[in-house]
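Containing mmCIF, C-alpha atoms and all ligand atoms: protein26.cif.
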```cif
data_protein
#
loop_
_atom_site.group_PDB
_atom_site.id
_atom_site.type_symbol
_atom_site.label_atom_id
_atom_site.label_comp_id
_atom_site.auth_asym_id
_atom_site.auth_seq_id
_atom_site.Cartn_x
_atom_site.Cartn_y
_atom_site.Cartn_z
ATOM 1 C CA MET A 1 -42.743 123.432 138.749
ATOM 2 C CA LEU A 2 -43.549 123.934 135.095
ATOM 3 C CA SER A 3 -46.963 125.320 134.157
ATOM 4 C CA PRO A 4 -48.962 124.605 131.031
ATOM 5 C CA ASN A 5 -48.947 127.279 128.327
ATOM 6 C CA VAL A 6 -52.316 128.920 128.805
ATOM 7 C CA GLU A 7 -52.437 132.359 127.255
ATOM 8 C CA THR A 8 -54.827 134.974 128.624
ATOM 9 C CA PHE A 9 -55.236 138.651 127.848
ATOM 10 C CA LEU A 10 -52.475 140.625 129.513
ATOM 11 C CA GLY A 11 -53.025 140.755 133.261
ATOM 12 C CA CYS A 12 -56.336 138.852 133.098
ATOM 13 C CA ASP A 13 -55.276 135.759 134.999
ATOM 14 C CA ALA A 14 -57.649 135.718 137.976
ATOM 15 C CA SER A 15 -59.764 132.605 138.562
ATOM 16 C CA PHE A 16 -63.478 132.716 137.766
ATOM 17 C CA ASP A 17 -64.378 132.721 141.449
ATOM 18 C CA GLU A 18 -62.191 135.674 142.395
ATOM 19 C CA ALA A 19 -62.879 137.692 139.235
ATOM 20 C CA ARG A 20 -65.271 140.634 138.993
ATOM 21 C CA ILE A 21 -65.037 140.886 135.205
ATOM 22 C CA VAL A 22 -65.135 137.894 132.852
ATOM 23 C CA LEU A 23 -63.779 138.278 129.334
ATOM 24 C CA TYR A 24 -64.915 136.091 126.473
ATOM 25 C CA GLY A 25 -64.289 136.110 122.737
ATOM 26 C CA ALA A 26 -67.085 135.762 120.172
ATOM 27 C CA PRO A 27 -65.282 134.924 116.917
ATOM 28 C CA PHE A 28 -68.181 135.266 114.485
ATOM 29 C CA ASP A 29 -68.422 137.253 111.239
ATOM 30 C CA SER A 30 -70.961 135.437 109.079
ATOM 31 C CA THR A 31 -73.346 138.369 108.530
ATOM 32 C CA THR A 32 -70.568 140.853 107.714
ATOM 33 C CA SER A 33 -71.782 142.782 104.678
ATOM 34 C CA PHE A 34 -68.441 143.852 103.195
ATOM 35 C CA ARG A 35 -65.038 142.511 104.278
ATOM 36 C CA PRO A 36 -65.000 139.660 106.825
ATOM 37 C CA GLY A 37 -62.190 138.914 109.271
ATOM 38 C CA THR A 38 -63.474 139.945 112.702
ATOM 39 C CA ARG A 39 -63.610 136.284 113.724
ATOM 40 C CA PHE A 40 -59.850 136.484 114.281
ATOM 41 C CA ALA A 41 -59.915 139.529 116.576
ATOM 42 C CA SER A 42 -60.053 137.957 120.032
ATOM 43 C CA HIS A 43 -57.375 135.389 119.238
ATOM 44 C CA ILE A 44 -54.985 137.929 117.720
ATOM 45 C CA MET A 45 -55.679 140.474 120.450
ATOM 46 C CA ARG A 46 -54.858 137.944 123.151
ATOM 47 C CA GLY A 47 -51.457 137.257 121.614
ATOM 48 C CA GLU A 48 -50.643 140.888 120.811
ATOM 49 C CA SER A 49 -51.705 142.107 124.256
ATOM 50 C CA TYR A 50 -48.202 141.367 125.498
ATOM 51 C CA GLY A 51 -46.962 144.316 123.474
ATOM 52 C CA LEU A 52 -48.757 146.597 125.917
ATOM 53 C CA GLU A 53 -47.644 147.614 129.391
ATOM 54 C CA THR A 54 -49.930 146.591 132.229
ATOM 55 C CA TYR A 55 -49.652 150.110 133.660
ATOM 56 C CA SER A 56 -51.794 152.975 132.388
ATOM 57 C CA PRO A 57 -50.269 156.427 132.889
ATOM 58 C CA TYR A 58 -53.636 157.914 131.875
ATOM 59 C CA GLN A 59 -55.423 156.507 134.900
ATOM 60 C CA ASP A 60 -52.499 155.588 137.175
ATOM 61 C CA LEU A 61 -53.884 152.065 137.376
ATOM 62 C CA ASP A 62 -52.246 148.722 136.643
ATOM 63 C CA MET A 63 -53.691 145.551 135.141
ATOM 64 C CA GLU A 64 -51.657 143.655 137.758
ATOM 65 C CA ASP A 65 -54.088 144.959 140.393
ATOM 66 C CA THR A 66 -57.223 143.853 138.551
ATOM 67 C CA ARG A 67 -59.199 140.665 139.037
ATOM 68 C CA ILE A 68 -60.290 139.606 135.574
ATOM 69 C CA PHE A 69 -60.923 136.108 134.288
ATOM 70 C CA ASP A 70 -60.372 135.313 130.610
ATOM 71 C CA SER A 71 -62.820 132.532 129.741
ATOM 72 C CA GLY A 72 -61.457 132.160 126.208
ATOM 73 C CA ASP A 73 -63.240 132.125 122.884
ATOM 74 C CA LEU A 74 -66.624 130.582 122.235
ATOM 75 C CA GLU A 75 -66.901 127.986 119.501
ATOM 76 C CA LEU A 76 -69.660 129.455 117.378
ATOM 77 C CA CYS A 77 -71.711 128.065 114.505
ATOM 78 C CA PHE A 78 -70.814 130.025 111.370
ATOM 79 C CA GLY A 79 -73.803 128.894 109.351
ATOM 80 C CA ASP A 80 -76.523 129.827 111.815
ATOM 81 C CA ALA A 81 -76.557 133.291 113.359
ATOM 82 C CA GLU A 82 -79.383 132.471 115.763
ATOM 83 C CA GLN A 83 -77.489 129.470 117.102
ATOM 84 C CA ALA A 84 -74.363 131.592 117.557
ATOM 85 C CA LEU A 85 -76.409 134.235 119.394
ATOM 86 C CA ARG A 86 -77.877 131.587 121.691
ATOM 87 C CA ASP A 87 -74.389 130.381 122.616
ATOM 88 C CA ILE A 88 -73.242 133.944 123.300
ATOM 89 C CA GLU A 89 -76.346 134.599 125.396
ATOM 90 C CA LEU A 90 -75.691 131.454 127.434
ATOM 91 C CA ARG A 91 -72.131 132.549 128.216
ATOM 92 C CA ALA A 92 -73.301 136.035 129.208
ATOM 93 C CA ARG A 93 -76.111 134.589 131.351
ATOM 94 C CA GLU A 94 -73.674 132.353 133.192
ATOM 95 C CA ILE A 95 -71.422 135.314 133.992
ATOM 96 C CA LEU A 96 -74.340 137.536 135.035
ATOM 97 C CA ALA A 97 -75.801 134.782 137.211
ATOM 98 C CA ALA A 98 -72.522 134.784 139.165
ATOM 99 C CA ASN A 99 -72.907 138.575 139.622
ATOM 100 C CA LYS A 100 -69.914 139.294 137.430
ATOM 101 C CA LEU A 101 -69.544 141.662 134.497
ATOM 102 C CA PRO A 102 -69.486 139.997 131.058
ATOM 103 C CA PHE A 103 -67.017 141.727 128.706
ATOM 104 C CA MET A 104 -67.073 140.376 125.158
ATOM 105 C CA ILE A 105 -64.526 140.753 122.372
ATOM 106 C CA GLY A 106 -66.157 140.509 118.915
ATOM 107 C CA GLY A 107 -66.572 139.420 116.252
ATOM 108 C CA GLU A 108 -68.868 141.449 114.082
ATOM 109 C CA HIS A 109 -71.409 143.673 115.758
ATOM 110 C CA LEU A 110 -74.289 141.180 115.652
ATOM 111 C CA VAL A 111 -72.632 139.287 118.528
ATOM 112 C CA SER A 112 -73.670 142.105 120.881
ATOM 113 C CA LEU A 113 -77.290 141.019 120.532
ATOM 114 C CA GLY A 114 -76.650 137.742 122.354
ATOM 115 C CA ALA A 115 -75.081 139.536 125.316
ATOM 116 C CA ILE A 116 -77.745 142.268 125.293
ATOM 117 C CA ARG A 117 -80.496 139.608 125.438
ATOM 118 C CA ALA A 118 -78.914 138.195 128.593
ATOM 119 C CA ALA A 119 -78.446 141.629 130.170
ATOM 120 C CA ALA A 120 -81.981 142.797 129.272
ATOM 121 C CA ASP A 121 -83.392 139.712 130.928
ATOM 122 C CA LYS A 122 -81.581 140.419 134.183
ATOM 123 C CA TYR A 123 -82.073 144.205 134.053
ATOM 124 C CA PRO A 124 -85.554 145.149 132.763
ATOM 125 C CA ASP A 125 -84.640 148.866 132.560
ATOM 126 C CA LEU A 126 -81.504 148.182 130.519
ATOM 127 C CA HIS A 127 -80.086 151.140 128.589
ATOM 128 C CA ILE A 128 -77.514 150.925 125.824
ATOM 129 C CA LEU A 129 -74.574 153.218 125.094
ATOM 130 C CA HIS A 130 -73.491 152.609 121.502
ATOM 131 C CA PHE A 131 -70.459 154.099 119.710
ATOM 132 C CA ASP A 132 -70.325 153.389 115.981
ATOM 133 C CA ALA A 133 -69.789 154.896 112.542
ATOM 134 C CA HIS A 134 -72.994 153.189 111.432
ATOM 135 C CA THR A 135 -76.612 153.458 112.524
ATOM 136 C CA ASP A 136 -77.008 149.641 112.659
ATOM 137 C CA LEU A 137 -80.770 150.186 112.575
ATOM 138 C CA ARG A 138 -81.757 148.236 109.458
ATOM 139 C CA ASP A 139 -84.863 146.209 110.138
ATOM 140 C CA GLU A 140 -83.799 143.798 107.389
ATOM 141 C CA TYR A 141 -80.685 143.442 105.318
ATOM 142 C CA LEU A 142 -80.672 141.182 102.247
ATOM 143 C CA GLY A 143 -83.811 139.534 103.565
ATOM 144 C CA THR A 144 -82.609 138.689 107.069
ATOM 145 C CA LYS A 145 -83.395 140.296 110.418
ATOM 146 C CA LEU A 146 -80.181 139.160 112.069
ATOM 147 C CA THR A 147 -77.295 141.178 110.659
ATOM 148 C CA HIS A 148 -74.563 143.418 111.965
ATOM 149 C CA ALA A 149 -76.229 146.257 110.021
ATOM 150 C CA GLY A 150 -79.331 145.853 112.173
ATOM 151 C CA VAL A 151 -78.022 144.916 115.608
ATOM 152 C CA MET A 152 -79.272 148.076 117.322
ATOM 153 C CA ARG A 153 -82.711 147.648 115.730
ATOM 154 C CA ARG A 154 -82.902 144.181 117.274
ATOM 155 C CA ALA A 155 -81.649 145.584 120.591
ATOM 156 C CA TRP A 156 -84.442 148.184 120.412
ATOM 157 C CA ASP A 157 -86.955 145.309 120.179
ATOM 158 C CA LEU A 158 -85.754 144.436 123.690
ATOM 159 C CA VAL A 159 -85.235 147.801 125.391
ATOM 160 C CA GLY A 160 -87.665 150.117 123.552
ATOM 161 C CA ASP A 161 -87.735 153.849 122.868
ATOM 162 C CA GLU A 162 -85.264 156.313 124.360
ATOM 163 C CA HIS A 163 -83.132 153.569 125.876
ATOM 164 C CA ILE A 164 -80.361 153.561 123.247
ATOM 165 C CA TRP A 165 -77.786 156.356 122.991
ATOM 166 C CA GLN A 166 -75.918 156.248 119.676
ATOM 167 C CA LEU A 167 -72.808 158.417 119.244
ATOM 168 C CA GLY A 168 -70.365 158.968 116.397
ATOM 169 C CA ILE A 169 -72.853 157.909 113.713
ATOM 170 C CA ARG A 170 -72.037 159.027 110.168
ATOM 171 C CA SER A 171 -73.387 156.356 107.843
ATOM 172 C CA GLY A 172 -76.757 154.735 107.227
ATOM 173 C CA LEU A 173 -79.928 154.983 105.186
ATOM 174 C CA ARG A 174 -82.035 158.128 105.337
ATOM 175 C CA GLU A 175 -84.859 155.933 106.697
ATOM 176 C CA GLU A 176 -82.637 154.759 109.549
ATOM 177 C CA PHE A 177 -81.804 158.316 110.594
ATOM 178 C CA GLN A 178 -85.501 159.228 110.368
ATOM 179 C CA TRP A 179 -86.486 156.191 112.412
ATOM 180 C CA ALA A 180 -83.841 157.046 115.011
ATOM 181 C CA ARG A 181 -85.405 160.476 115.592
ATOM 182 C CA GLU A 182 -88.401 158.828 117.195
ATOM 183 C CA HIS A 183 -86.843 155.820 118.834
ATOM 184 C CA THR A 184 -83.214 156.347 119.884
ATOM 185 C CA ARG A 185 -80.937 159.184 120.964
ATOM 186 C CA LEU A 186 -78.730 159.390 117.888
ATOM 187 C CA HIS A 187 -75.864 161.890 117.786
ATOM 188 C CA LYS A 188 -74.016 162.286 114.530
ATOM 189 C CA PHE A 189 -70.315 162.441 113.691
ATOM 190 C CA ASP A 190 -68.553 162.671 117.079
ATOM 191 C CA LEU A 191 -68.714 161.841 120.777
ATOM 192 C CA LYS A 192 -69.451 165.357 122.024
ATOM 193 C CA ALA A 193 -72.865 164.298 123.349
ATOM 194 C CA MET A 194 -71.140 162.251 126.071
ATOM 195 C CA PRO A 195 -71.967 164.709 128.894
ATOM 196 C CA ASP A 196 -75.667 164.509 127.953
ATOM 197 C CA ALA A 197 -75.482 160.734 127.705
ATOM 198 C CA MET A 198 -73.727 160.503 131.073
ATOM 199 C CA ALA A 199 -76.392 162.639 132.740
ATOM 200 C CA ALA A 200 -79.229 160.631 131.208
ATOM 201 C CA LEU A 201 -77.685 157.233 131.940
ATOM 202 C CA LYS A 202 -76.496 157.958 135.460
ATOM 203 C CA GLY A 203 -77.609 155.219 137.837
ATOM 204 C CA LYS A 204 -79.262 153.159 135.088
ATOM 205 C CA PRO A 205 -78.068 149.676 134.202
ATOM 206 C CA VAL A 206 -76.074 150.225 131.008
ATOM 207 C CA TYR A 207 -74.794 147.873 128.315
ATOM 208 C CA PHE A 208 -71.826 149.609 126.647
ATOM 209 C CA THR A 209 -71.022 148.504 123.084
ATOM 210 C CA ILE A 210 -68.165 149.994 121.088
ATOM 211 C CA ASP A 211 -67.963 149.333 117.359
ATOM 212 C CA LEU A 212 -64.338 150.276 116.853
ATOM 213 C CA ASP A 213 -65.093 151.623 113.362
ATOM 214 C CA VAL A 214 -66.297 154.748 115.172
ATOM 215 C CA MET A 215 -62.619 155.699 114.868
ATOM 216 C CA ASP A 216 -61.436 157.254 111.638
ATOM 217 C CA PRO A 217 -59.971 154.697 109.202
ATOM 218 C CA SER A 218 -56.756 156.741 109.123
ATOM 219 C CA VAL A 219 -56.116 155.512 112.675
ATOM 220 C CA PHE A 220 -58.170 152.311 112.546
ATOM 221 C CA PRO A 221 -58.167 150.761 109.059
ATOM 222 C CA GLY A 222 -58.470 147.186 110.343
ATOM 223 C CA THR A 223 -62.224 146.886 110.098
ATOM 224 C CA GLY A 224 -64.752 145.514 107.624
ATOM 225 C CA THR A 225 -66.670 148.671 106.717
ATOM 226 C CA PRO A 226 -64.310 151.645 107.171
ATOM 227 C CA GLU A 227 -66.076 154.992 107.186
ATOM 228 C CA TYR A 228 -64.078 158.231 107.002
ATOM 229 C CA GLY A 229 -64.881 161.224 109.167
ATOM 230 C CA GLY A 230 -64.480 159.356 112.440
ATOM 231 C CA VAL A 231 -63.117 160.244 115.838
ATOM 232 C CA SER A 232 -59.483 160.162 116.875
ATOM 233 C CA PHE A 233 -57.997 157.471 119.086
ATOM 234 C CA LYS A 234 -57.730 159.913 121.978
ATOM 235 C CA GLU A 235 -61.348 161.020 121.654
ATOM 236 C CA LEU A 236 -62.514 157.419 121.746
ATOM 237 C CA MET A 237 -60.250 156.496 124.641
ATOM 238 C CA GLU A 238 -61.436 159.415 126.767
ATOM 239 C CA ALA A 239 -65.100 158.743 126.017
ATOM 240 C CA ALA A 240 -64.680 155.010 126.617
ATOM 241 C CA ILE A 241 -63.087 155.645 130.019
ATOM 242 C CA LEU A 242 -65.847 158.094 130.911
ATOM 243 C CA GLY A 243 -68.542 155.641 129.832
ATOM 244 C CA CYS A 244 -67.027 152.960 132.045
ATOM 245 C CA SER A 245 -67.767 155.088 135.116
ATOM 246 C CA LEU A 246 -71.494 154.446 134.543
ATOM 247 C CA ASN A 247 -73.325 151.497 136.062
ATOM 248 C CA ILE A 248 -72.068 149.107 133.383
ATOM 249 C CA VAL A 249 -73.681 145.667 133.481
ATOM 250 C CA GLY A 250 -72.319 144.358 130.184
ATOM 251 C CA CYS A 251 -69.713 145.497 127.721
ATOM 252 C CA ASP A 252 -68.132 144.753 124.374
ATOM 253 C CA VAL A 253 -65.692 145.950 121.753
ATOM 254 C CA VAL A 254 -66.385 144.667 118.242
ATOM 255 C CA GLU A 255 -65.491 144.889 114.547
ATOM 256 C CA LEU A 256 -61.690 144.680 114.658
ATOM 257 C CA ALA A 257 -60.596 142.665 111.624
ATOM 258 C CA PRO A 258 -56.882 142.291 112.337
ATOM 259 C CA GLY A 259 -55.993 140.825 108.953
ATOM 260 C CA LEU A 260 -57.161 143.978 107.193
ATOM 261 C CA ASP A 261 -54.363 145.984 108.811
ATOM 262 C CA GLN A 262 -51.138 144.088 108.379
ATOM 263 C CA SER A 263 -49.206 146.735 110.312
ATOM 264 C CA GLY A 264 -50.905 145.575 113.519
ATOM 265 C CA ALA A 265 -51.675 149.160 114.464
ATOM 266 C CA SER A 266 -55.453 148.627 114.511
ATOM 267 C CA THR A 267 -55.058 145.680 116.862
ATOM 268 C CA ALA A 268 -52.838 147.819 119.091
ATOM 269 C CA ALA A 269 -55.500 150.543 119.145
ATOM 270 C CA ALA A 270 -58.222 148.043 120.080
ATOM 271 C CA LEU A 271 -56.058 146.621 122.856
ATOM 272 C CA LYS A 272 -55.349 149.991 124.370
ATOM 273 C CA ILE A 273 -59.059 150.835 124.399
ATOM 274 C CA LEU A 274 -59.705 147.459 126.039
ATOM 275 C CA ARG A 275 -57.025 148.005 128.695
ATOM 276 C CA GLU A 276 -58.302 151.454 129.615
ATOM 277 C CA MET A 277 -61.911 150.241 129.820
ATOM 278 C CA LEU A 278 -61.008 147.273 132.007
ATOM 279 C CA LEU A 279 -58.978 149.497 134.318
ATOM 280 C CA LYS A 280 -61.785 152.038 134.655
ATOM 281 C CA LEU A 281 -64.301 149.291 135.396
ATOM 282 C CA GLU A 282 -61.967 147.884 138.047
ATOM 283 C CA GLU A 283 -61.039 151.251 139.544
ATOM 284 C CA PRO A 284 -63.567 151.203 142.428
ATOM 285 C CA PHE A 285 -62.213 147.820 143.521
ATOM 286 C CA ILE A 286 -58.545 148.758 143.125
ATOM 287 C CA ARG A 287 -58.690 152.137 144.845
ATOM 288 C CA GLY A 288 -61.579 151.379 147.179
ATOM 289 C CA PRO A 289 -64.905 153.188 146.852
ATOM 290 C CA GLN A 290 -63.854 156.149 149.012
ATOM 291 C CA MET A 291 -60.980 157.029 146.682
ATOM 292 C CA VAL A 292 -62.992 157.284 143.461
HETATM 293 MN MN MN B 1 -71.812 148.400 114.262
HETATM 294 MN MN MN B 2 -69.854 150.146 112.307
#
```

Would you put the structure from the file into structure tokens?
Amino acid sequence: MLSPNVETFLGCDASFDEARIVLYGAPFDSTTSFRPGTRFASHIMRGESYGLETYSPYQDLDMEDTRIFDSGDLELCFGDAEQALRDIELRAREILAANKLPFMIGGEHLVSLGAIRAAADKYPDLHILHFDAHTDLRDEYLGTKLTHAGVMRRAWDLVGDEHIWQLGIRSGLREEFQWAREHTRLHKFDLKAMPDAMAALKGKPVYFTIDLDVMDPSVFPGTGTPEYGGVSFKELMEAAILGCSLNIVGCDVVELAPGLDQSGASTAAALKILREMLLKLEEPFIRGPQMV
């Protein structure tokens, strides 16, 4: 019998009921301060995912053995960030209410706030692990509180002091770095603080957000605000896999703007990070808890 052409991310073809992870795209880039284009990321990534193998030789795990549901892309209001955030929050709430893990593909970084609101409501002691080139701690940007340059400041409103670990940061206002000293655990330039972060976050409910511009633009130019001096692909992949062994209750990768890298290499990098994260999150279910 012929089937309809319904495209999912590679290997993410479980039903909602049987899935443990639910993917969703948040194609929104209205508060992007420099070059827009992240609204196309989830759609392009879905199509390009077939260029990847389902098998990961890094982890000896295969996407064929996962149970992941791809719930598609949200239809978000471009003119109203708060409305878009409400729609994202609703999707994340629905997934969390079914005791599944919401995994979002951005979009610009502001989209994380919608998912973090949902996770913080379910998990009062929510912690955040944040990889980024940028502080994202602006209280206001061009007169608005809701902006991708301030997403972690708005997340702090929800989770409070010492609950946000920021790694890879190499750009921001002096005031943001000063503010971070008292309110977040900010580690500059690289991901070497991961062992400390892992120890501190062990057992806590963690929302893991990766702004892909944490990578150096020489390997990841397809992003709106490229910032040189970033980490290598391998450094990010290893840290992302490690982070996914925490008690992750929500997750996202954001800020791929596929049109800004016509070679497709940035999209390929984002997809490989996504595959490795999904596999690590699924590992306990694939191998069984005694094997991990
Ligand atoms: Mn960011
Ligand atoms: Mn950034």

With the PyMOL selection byres (((not hetatm)) within 7 of (chain B and resi 2)) as the selection, what would be picked from this file? Answer as a ChimeraX atom specification, please. /A:132-134,211,213-214,225

Export of prior selection with C-alpha atoms as a compact mmCIF listing (two decimals), keeping the file's coordinate frame:
```txt
# COMPACT_ATOMS: atom_id res chain seq x y z
CA ASP A 132 -70.32 153.39 115.98
CA ALA A 133 -69.79 154.90 112.54
CA HIS A 134 -72.99 153.19 111.43
CA ASP A 211 -67.96 149.33 117.36
CA ASP A 213 -65.09 151.62 113.36
CA VAL A 214 -66.30 154.75 115.17
CA THR A 225 -66.67 148.67 106.72
```

Write out, as a Markdown table, each residue of chain A that has an atom at most 12 Å from ligand MN 1 (chain B), together with the closest pair of atoms and their distance in Å to one decimal, counting only C-alpha atoms and all ligand atoms, rows going by chain and rising number.
```
| residue | atom | partner | partner_atom | distance |
| --- | --- | --- | --- | --- |
| A:Thr31 | CA | B:MN1 | MN | 11.7 |
| A:Thr32 | CA | B:MN1 | MN | 10.1 |
| A:Ser33 | CA | B:MN1 | MN | 11.1 |
| A:Thr38 | CA | B:MN1 | MN | 12.0 |
| A:Gly106 | CA | B:MN1 | MN | 10.8 |
| A:Gly107 | CA | B:MN1 | MN | 10.6 |
| A:Glu108 | CA | B:MN1 | MN | 7.6 |
| A:His109 | CA | B:MN1 | MN | 5.0 |
| A:Leu110 | CA | B:MN1 | MN | 7.8 |
| A:Val111 | CA | B:MN1 | MN | 10.1 |
| A:Ser112 | CA | B:MN1 | MN | 9.3 |
| A:Leu113 | CA | B:MN1 | MN | 11.1 |
| A:His130 | CA | B:MN1 | MN | 8.5 |
| A:Phe131 | CA | B:MN1 | MN | 8.0 |
| A:Asp132 | CA | B:MN1 | MN | 5.5 |
| A:Ala133 | CA | B:MN1 | MN | 7.0 |
| A:His134 | CA | B:MN1 | MN | 5.7 |
| A:Thr135 | CA | B:MN1 | MN | 7.2 |
| A:Asp136 | CA | B:MN1 | MN | 5.6 |
| A:Leu137 | CA | B:MN1 | MN | 9.3 |
| A:Arg138 | CA | B:MN1 | MN | 11.0 |
| A:Thr147 | CA | B:MN1 | MN | 9.8 |
| A:His148 | CA | B:MN1 | MN | 6.1 |
| A:Ala149 | CA | B:MN1 | MN | 6.5 |
| A:Gly150 | CA | B:MN1 | MN | 8.2 |
| A:Val151 | CA | B:MN1 | MN | 7.2 |
| A:Met152 | CA | B:MN1 | MN | 8.1 |
| A:Arg153 | CA | B:MN1 | MN | 11.0 |
| A:Gln166 | CA | B:MN1 | MN | 10.4 |
| A:Leu167 | CA | B:MN1 | MN | 11.2 |
| A:Gly168 | CA | B:MN1 | MN | 10.9 |
| A:Ile169 | CA | B:MN1 | MN | 9.6 |
| A:Arg170 | CA | B:MN1 | MN | 11.4 |
| A:Ser171 | CA | B:MN1 | MN | 10.3 |
| A:Gly172 | CA | B:MN1 | MN | 10.7 |
| A:Thr209 | CA | B:MN1 | MN | 8.9 |
| A:Ile210 | CA | B:MN1 | MN | 7.9 |
| A:Asp211 | CA | B:MN1 | MN | 5.0 |
| A:Leu212 | CA | B:MN1 | MN | 8.1 |
| A:Asp213 | CA | B:MN1 | MN | 7.5 |
| A:Val214 | CA | B:MN1 | MN | 8.5 |
| A:Met215 | CA | B:MN1 | MN | 11.8 |
| A:Thr223 | CA | B:MN1 | MN | 10.6 |
| A:Gly224 | CA | B:MN1 | MN | 10.1 |
| A:Thr225 | CA | B:MN1 | MN | 9.1 |
| A:Pro226 | CA | B:MN1 | MN | 10.8 |
| A:Glu227 | CA | B:MN1 | MN | 11.2 |
| A:Asp252 | CA | B:MN1 | MN | 11.4 |
| A:Val253 | CA | B:MN1 | MN | 10.0 |
| A:Val254 | CA | B:MN1 | MN | 7.7 |
| A:Glu255 | CA | B:MN1 | MN | 7.2 |
| A:Leu256 | CA | B:MN1 | MN | 10.8 |
```

Given the PyMOL selection byres (((chain A and resi 194) around 12) and not hetatm), the residues it picks as an MDAnalysis selection string: chainID A and resid 129:131 165:168 185:188 190:193 195:202 235:236 238:244 246

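The set of residues that the PyMOL selection byres (((chain A and resi 157) around 12) and not hetatm) takes from this file is Leu113, Ile116, Arg117, Ala120, Leu137, Asp139, Lys145, Gly150, Val151, Met152, Arg153, Arg154, Ala155, Trp156, Leu158, Val159, Gly160, Asp161, Glu162, His163, Ile164, His183 and Thr184 of chain A.
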
Quick one: residues within 12 Å of Asp62 (chain A), only C-alpha atoms, excluding same-chain residues fewer than 3 positions away - as a VMD selection string? chain A and resid 10 to 12 52 to 59 65 to 67 275 to 280 282 to 283 286 to 287

Using all atoms listed in the file, the residue out of A:Phe40, A:Leu271, A:Gln262, A:Lys100 with shortest distance to Phe9 (chain A) is A:Leu271

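Note that the spacing between CA of Leu281 (chain A) and CA of Phe208 (chain A) amounts to 11.5 Å.
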
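One finds CA of Gly259 (chain A) at 9.3 Å from CA of Pro36 (chain A).
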
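Residue nearest Asp17 (chain A), chosen from A:Glu175, A:Arg91, A:Asn99, A:Ile105 and counting only C-alpha atoms: A:Asn99.
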
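Residue nearest Gly79 (chain A) within the list A:Phe28, A:Phe285, A:Tyr141, A:Ala180: A:Phe28 [criterion: smallest interatomic distance, only C-alpha atoms].
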
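Of the residues listed (A:Gly250, A:Gly230, A:Gly51, A:Gly114), A:Gly114 shows the shortest atom-to-atom separation from Leu146 (chain A); distances use all atoms listed in the file.
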
CA of Ala115 (chain A) to CA of Val231 (chain A) measures 25.7 Å

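Among the candidates A:Leu142, A:Met45, A:Leu101, A:Ile273, the one nearest to Val206 (chain A) when counting all atoms listed in the file is A:Leu101.
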
Restricting to only C-alpha atoms, whichever of A:Asp13, A:Glu64, A:Glu75, A:Asp125 is closest to Asp87 (chain A) is A:Glu75

Listed atoms of region 218-237 of chain A boxed axis-aligned with 5 Å per side, centre + edges as AutoDock Vina command-line options:
```
--center_x -61.4 --center_y 153.4 --center_z 115.7 --size_x 20.6 --size_y 25.7 --size_z 27.9
```
